[in-house]
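K.L.:
Okay, here's the structure, questions in a sec.
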Amino acid sequence: MPQINCLIVDDEPIAREIIKAYCDHLSMLHIVASVGNALEAKTILQTQKIDILFLDINMPVLNGIAFLKTLKNQPQVIFTTAYKEYAVDAFDLAAIDYLLKPFSLERFIVAIDKALERLNGSEQGGMENGKTENYLFLKFDGKIYKILHEELLFAEAQGNYTKIVTTQNTLLPSMTFSSFEELLPKSLFLRVHRSFIINKAKITHIEGNRVFVQNHEIPIGSSYRDDFLKSLGL
């Protein structure tokens, strides 16, 4: 397994040492730096490739949530905090996991496994050996929803929002269409139009330039049609 570069950001020296000790148990993890505030971290992120960012939330000058919002190209982020009330904001920022202090080595390894799966997926364009989570979390209307891939029918771009239609309900979270697309495994979900992504497994039939997903009629964009049909083996 290739080396995974990690950055620890926490204003508590003891907390940084605990994370470093946990990282030492996993040979693939390489700690590039361990710093006490977000401004130091920003400098490192601008000059070095970081795969996993361990980020505390309650820090002076710039807290972890605010800091993450300033990053254009985010690494896989694992929040480490003593305050559970930030969980909604953390998942809204697409954090890979949220570790509530004090957390065990076992819980730490679970978070690392999630990050590695996401990293492998981004490098290989989808699932690796079928090992990936079959769900995602979305914040909507003050709640966090767990959505199983098999329940997700399609998504539609609507400005700065994304309309998400599942077998259970319809959600309209405040997130861009491209951000939502990044959360989906490409082997299961297909872009068929500038404004539509569909669940391949839920296609009932295709008629002309329309694809039917259960009882929903979705347009097929002319520039997407060839790749769409090829992905279906047609």
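Chains: A, B, ... in order of the structure tokens. Residues: from 1 per chain. Ligands: from 1, in order shown.
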If you run DSSP on the backbone, which residues of segment 98-198 of chain A are strand (DSSP E), as a PyMOL selection string?
P.N.:
chain A and resi 98-100+135-140+143-148+152-158+161-166+170-171+189-193+196-198
K.L.:
Using the selection just defined, write its residues with N, CA, C and O atoms as a compact mmCIF listing (two decimals), in the first residue's frame.
P.N.:
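Saved to again37.txt:
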# COMPACT_ATOMS: atom_id res chain seq x y z
N TYR A 98 -16.01 11.65 12.30
CA TYR A 98 -16.09 12.61 13.40
C TYR A 98 -15.77 11.86 14.68
O TYR A 98 -16.59 11.06 15.16
N LEU A 99 -14.56 12.04 15.20
CA LEU A 99 -14.12 11.32 16.39
C LEU A 99 -14.31 12.18 17.63
O LEU A 99 -13.77 13.28 17.72
N LEU A 100 -15.09 11.66 18.56
CA LEU A 100 -15.38 12.39 19.79
C LEU A 100 -14.36 12.01 20.87
O LEU A 100 -14.24 10.83 21.24
N TYR A 135 -23.72 3.63 1.54
CA TYR A 135 -24.60 4.71 1.99
C TYR A 135 -23.81 6.03 2.02
O TYR A 135 -22.59 6.06 1.88
N LEU A 136 -24.55 7.11 2.19
CA LEU A 136 -23.94 8.41 2.40
C LEU A 136 -24.79 9.20 3.38
O LEU A 136 -25.96 8.86 3.62
N PHE A 137 -24.20 10.24 3.98
CA PHE A 137 -24.92 11.09 4.92
C PHE A 137 -25.13 12.46 4.29
O PHE A 137 -24.23 13.02 3.65
N LEU A 138 -26.34 13.02 4.48
CA LEU A 138 -26.64 14.34 3.96
C LEU A 138 -27.36 15.17 5.01
O LEU A 138 -28.23 14.66 5.72
N LYS A 139 -26.98 16.43 5.10
CA LYS A 139 -27.65 17.34 6.03
C LYS A 139 -28.76 18.07 5.27
O LYS A 139 -28.53 18.60 4.18
N PHE A 140 -29.96 18.06 5.84
CA PHE A 140 -31.09 18.75 5.22
C PHE A 140 -32.10 19.13 6.30
O PHE A 140 -32.48 18.30 7.13
N LYS A 143 -31.42 18.26 9.96
CA LYS A 143 -31.24 16.85 10.31
C LYS A 143 -30.16 16.24 9.41
O LYS A 143 -29.84 16.78 8.35
N ILE A 144 -29.61 15.11 9.86
CA ILE A 144 -28.66 14.37 9.03
C ILE A 144 -29.34 13.07 8.60
O ILE A 144 -29.79 12.29 9.43
N TYR A 145 -29.43 12.88 7.28
CA TYR A 145 -30.09 11.70 6.74
C TYR A 145 -29.05 10.70 6.24
O TYR A 145 -28.09 11.08 5.58
N LYS A 146 -29.27 9.45 6.57
CA LYS A 146 -28.46 8.37 6.01
C LYS A 146 -29.21 7.81 4.80
O LYS A 146 -30.35 7.35 4.93
N ILE A 147 -28.58 7.85 3.63
CA ILE A 147 -29.22 7.41 2.40
C ILE A 147 -28.47 6.22 1.84
O ILE A 147 -27.28 6.31 1.54
N LEU A 148 -29.15 5.10 1.73
CA LEU A 148 -28.55 3.92 1.12
C LEU A 148 -28.47 4.10 -0.39
O LEU A 148 -29.39 4.64 -1.00
N LEU A 152 -31.43 5.39 -3.53
CA LEU A 152 -31.29 6.65 -4.26
C LEU A 152 -31.67 6.45 -5.72
O LEU A 152 -31.05 5.65 -6.43
N LEU A 153 -32.69 7.14 -6.20
CA LEU A 153 -33.16 6.97 -7.57
C LEU A 153 -32.40 7.88 -8.53
O LEU A 153 -31.81 7.43 -9.50
N PHE A 154 -32.44 9.19 -8.26
CA PHE A 154 -31.72 10.12 -9.12
C PHE A 154 -31.50 11.45 -8.37
O PHE A 154 -32.09 11.69 -7.31
N ALA A 155 -30.63 12.27 -8.94
CA ALA A 155 -30.37 13.60 -8.39
C ALA A 155 -30.46 14.62 -9.52
O ALA A 155 -30.10 14.31 -10.67
N GLU A 156 -30.96 15.81 -9.19
CA GLU A 156 -31.14 16.86 -10.20
C GLU A 156 -30.53 18.16 -9.70
O GLU A 156 -30.75 18.58 -8.56
N ALA A 157 -29.75 18.82 -10.54
CA ALA A 157 -29.14 20.11 -10.19
C ALA A 157 -30.22 21.19 -10.15
O ALA A 157 -31.04 21.30 -11.06
N GLN A 158 -30.19 21.98 -9.07
CA GLN A 158 -31.11 23.10 -8.95
C GLN A 158 -30.37 24.28 -8.33
O GLN A 158 -30.50 24.56 -7.13
N TYR A 161 -28.47 24.20 -4.98
CA TYR A 161 -29.08 23.06 -4.29
C TYR A 161 -29.04 21.84 -5.20
O TYR A 161 -28.81 21.94 -6.41
N THR A 162 -29.25 20.68 -4.61
CA THR A 162 -29.36 19.45 -5.39
C THR A 162 -30.62 18.71 -4.92
O THR A 162 -30.76 18.41 -3.73
N LYS A 163 -31.51 18.48 -5.83
CA LYS A 163 -32.73 17.72 -5.52
C LYS A 163 -32.39 16.24 -5.57
O LYS A 163 -31.89 15.74 -6.58
N ILE A 164 -32.63 15.54 -4.48
CA ILE A 164 -32.28 14.13 -4.36
C ILE A 164 -33.57 13.33 -4.13
O ILE A 164 -34.27 13.54 -3.13
N VAL A 165 -33.87 12.45 -5.06
CA VAL A 165 -35.10 11.66 -4.98
C VAL A 165 -34.74 10.22 -4.63
O VAL A 165 -33.96 9.58 -5.33
N THR A 166 -35.31 9.74 -3.53
CA THR A 166 -35.07 8.36 -3.09
C THR A 166 -36.39 7.60 -3.09
O THR A 166 -37.45 8.17 -3.37
N THR A 170 -37.97 12.95 -0.85
CA THR A 170 -37.23 13.89 -1.70
C THR A 170 -36.56 14.93 -0.80
O THR A 170 -37.22 15.53 0.06
N LEU A 171 -35.27 15.13 -1.00
CA LEU A 171 -34.51 16.08 -0.20
C LEU A 171 -33.95 17.17 -1.10
O LEU A 171 -33.70 16.95 -2.28
N PHE A 189 -23.66 4.94 -10.27
CA PHE A 189 -24.45 6.11 -10.65
C PHE A 189 -23.89 6.73 -11.93
O PHE A 189 -22.69 6.87 -12.10
N LEU A 190 -24.79 7.09 -12.84
CA LEU A 190 -24.39 7.58 -14.15
C LEU A 190 -24.90 8.99 -14.39
O LEU A 190 -26.05 9.31 -14.09
N ARG A 191 -24.04 9.83 -14.96
CA ARG A 191 -24.44 11.18 -15.38
C ARG A 191 -25.05 11.04 -16.77
O ARG A 191 -24.39 10.59 -17.72
N VAL A 192 -26.32 11.37 -16.92
CA VAL A 192 -26.99 11.21 -18.21
C VAL A 192 -27.35 12.56 -18.84
O VAL A 192 -27.83 12.61 -19.97
N HIS A 193 -27.10 13.63 -18.09
CA HIS A 193 -27.49 14.96 -18.53
C HIS A 193 -26.71 15.95 -17.69
O HIS A 193 -26.22 15.61 -16.61
N PHE A 196 -28.60 15.86 -14.44
CA PHE A 196 -29.17 14.64 -13.86
C PHE A 196 -28.13 13.54 -13.69
O PHE A 196 -27.32 13.30 -14.59
N ILE A 197 -28.18 12.88 -12.54
CA ILE A 197 -27.43 11.65 -12.26
C ILE A 197 -28.46 10.61 -11.86
O ILE A 197 -29.37 10.89 -11.08
N ILE A 198 -28.32 9.39 -12.40
CA ILE A 198 -29.29 8.35 -12.08
C ILE A 198 -28.61 7.12 -11.49
O ILE A 198 -27.42 6.89 -11.67
K.L.:
Can you write out as JSON lines which residues of segment 111-205 of chain A fall within 12 Å of segment 19-33 of chain A, alongside each residue's closest atom pair and its distance in Å to one decimal, counting only C-alpha atoms and ordering rows by chain and ascending residue number?
P.N.:
{"residue": "A:Ala111", "atom": "CA", "partner": "A:Cys23", "partner_atom": "CA", "distance": 11.7}
{"residue": "A:Ile112", "atom": "CA", "partner": "A:Leu29", "partner_atom": "CA", "distance": 9.4}
{"residue": "A:Asp113", "atom": "CA", "partner": "A:Leu26", "partner_atom": "CA", "distance": 10.8}
{"residue": "A:Ala115", "atom": "CA", "partner": "A:Leu29", "partner_atom": "CA", "distance": 11.5}
{"residue": "A:Leu116", "atom": "CA", "partner": "A:Met28", "partner_atom": "CA", "distance": 10.2}
K.L.:
Would you save the residues from that selection as a PDB file, in the first residue's frame, using all heavy atoms?
P.N.:
ATOM      1  N   ALA A 111     -12.110   4.962  11.435  1.00  0.00           N
ATOM      2  CA  ALA A 111     -12.083   6.220  10.679  1.00  0.00           C
ATOM      3  C   ALA A 111     -11.035   6.162   9.567  1.00  0.00           C
ATOM      4  O   ALA A 111     -11.282   6.612   8.438  1.00  0.00           O
ATOM      5  CB  ALA A 111     -11.800   7.393  11.619  1.00  0.00           C
ATOM      6  N   ILE A 112      -9.868   5.599   9.875  1.00  0.00           N
ATOM      7  CA  ILE A 112      -8.810   5.484   8.868  1.00  0.00           C
ATOM      8  C   ILE A 112      -9.269   4.599   7.712  1.00  0.00           C
ATOM      9  O   ILE A 112      -9.034   4.906   6.537  1.00  0.00           O
ATOM     10  CB  ILE A 112      -7.511   4.919   9.493  1.00  0.00           C
ATOM     11  CG1 ILE A 112      -6.916   5.908  10.490  1.00  0.00           C
ATOM     12  CG2 ILE A 112      -6.501   4.578   8.403  1.00  0.00           C
ATOM     13  CD1 ILE A 112      -6.494   7.225   9.890  1.00  0.00           C
ATOM     14  N   ASP A 113      -9.935   3.499   8.027  1.00  0.00           N
ATOM     15  CA  ASP A 113     -10.435   2.600   6.976  1.00  0.00           C
ATOM     16  C   ASP A 113     -11.399   3.336   6.043  1.00  0.00           C
ATOM     17  O   ASP A 113     -11.380   3.133   4.823  1.00  0.00           O
ATOM     18  CB  ASP A 113     -11.128   1.384   7.592  1.00  0.00           C
ATOM     19  CG  ASP A 113     -10.134   0.365   8.143  1.00  0.00           C
ATOM     20  OD1 ASP A 113      -8.941   0.466   7.789  1.00  0.00           O
ATOM     21  OD2 ASP A 113     -10.551  -0.516   8.917  1.00  0.00           O
ATOM     22  N   ALA A 115     -11.371   6.541   5.393  1.00  0.00           N
ATOM     23  CA  ALA A 115     -10.566   7.461   4.586  1.00  0.00           C
ATOM     24  C   ALA A 115      -9.840   6.724   3.471  1.00  0.00           C
ATOM     25  O   ALA A 115      -9.774   7.201   2.332  1.00  0.00           O
ATOM     26  CB  ALA A 115      -9.572   8.214   5.475  1.00  0.00           C
ATOM     27  N   LEU A 116      -9.297   5.545   3.792  1.00  0.00           N
ATOM     28  CA  LEU A 116      -8.567   4.773   2.785  1.00  0.00           C
ATOM     29  C   LEU A 116      -9.493   4.300   1.671  1.00  0.00           C
ATOM     30  O   LEU A 116      -9.117   4.292   0.494  1.00  0.00           O
ATOM     31  CB  LEU A 116      -7.875   3.574   3.435  1.00  0.00           C
ATOM     32  CG  LEU A 116      -6.751   3.895   4.427  1.00  0.00           C
ATOM     33  CD1 LEU A 116      -6.153   2.619   4.995  1.00  0.00           C
ATOM     34  CD2 LEU A 116      -5.670   4.742   3.765  1.00  0.00           C
TER      35      LEU A 116
END
K.L.:
Can you tell me how far atom CA of Leu7 of chain A sits from atom CA of Thr176 of chain A, in Å to one decimal?
P.N.:
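Here the two named atoms are 27.2 Å from each other.
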K.L.:
What is the atom CA of Val211 of chain A to atom CA of Ser174 of chain A distance in Å?
P.N.:
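One can read the atom CA of Val211 of chain A to atom CA of Ser174 of chain A distance as 26.2 Å.
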K.L.:
Residues of segment 169-230 of chain A in alpha helix (DSSP H) according to DSSP, as a PyMOL selection string?
P.N.:
chain A and resi 177-182+225-230
K.L.:
Could you tell me which of A:Ile44, A:Arg194, A:Lys101, A:His149 comes closest to Ser222 of chain A if we count only C-alpha atoms?
P.N.:
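Closest residue, counting only C-alpha atoms: A:Arg194.
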K.L.:
Env of Ile206 of chain A: 12 Å cut, atoms = only C-alpha atoms, seq-sep filter 4 positions within chain, self excluded. Answer as a VMD selection string.
P.N.:
chain A and resid 192 200 202 210 to 214 216 to 220 225 228 to 229 232 234
K.L.:
Would you mind telling me which residue in A:Phe180, A:Phe79, A:Phe103, A:Phe67 lies nearest to Phe54 of chain A when using only C-alpha atoms?
P.N.:
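Using only C-alpha atoms, the shortest distance to Phe54 of chain A belongs to A:Phe79.
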K.L.:
Quote the spacing between atom CA of Asp56 of chain A and atom CA of Thr70 of chain A in Å to one decimal place.
P.N.:
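Atom CA of Thr70 of chain A lies at a distance of 15.2 Å from atom CA of Asp56 of chain A.
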K.L.:
Tell me which protein, DNA and RNA residues are within 8 Å of Asn37 of chain A, counting only C-alpha atoms, leaving out same-chain ones fewer than 4 positions away, and put them as a PyMOL selection string.
P.N.:
chain A and resi 9-11+41+59-62
K.L.:
Select, from A:His205, A:Ser104, A:Leu119, A:Glu150, the residue with the minimum atom-to-atom distance to Glu182 of chain A, counting only C-alpha atoms.
P.N.:
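Counting only C-alpha atoms, the residue closest to Glu182 of chain A is A:Leu119.
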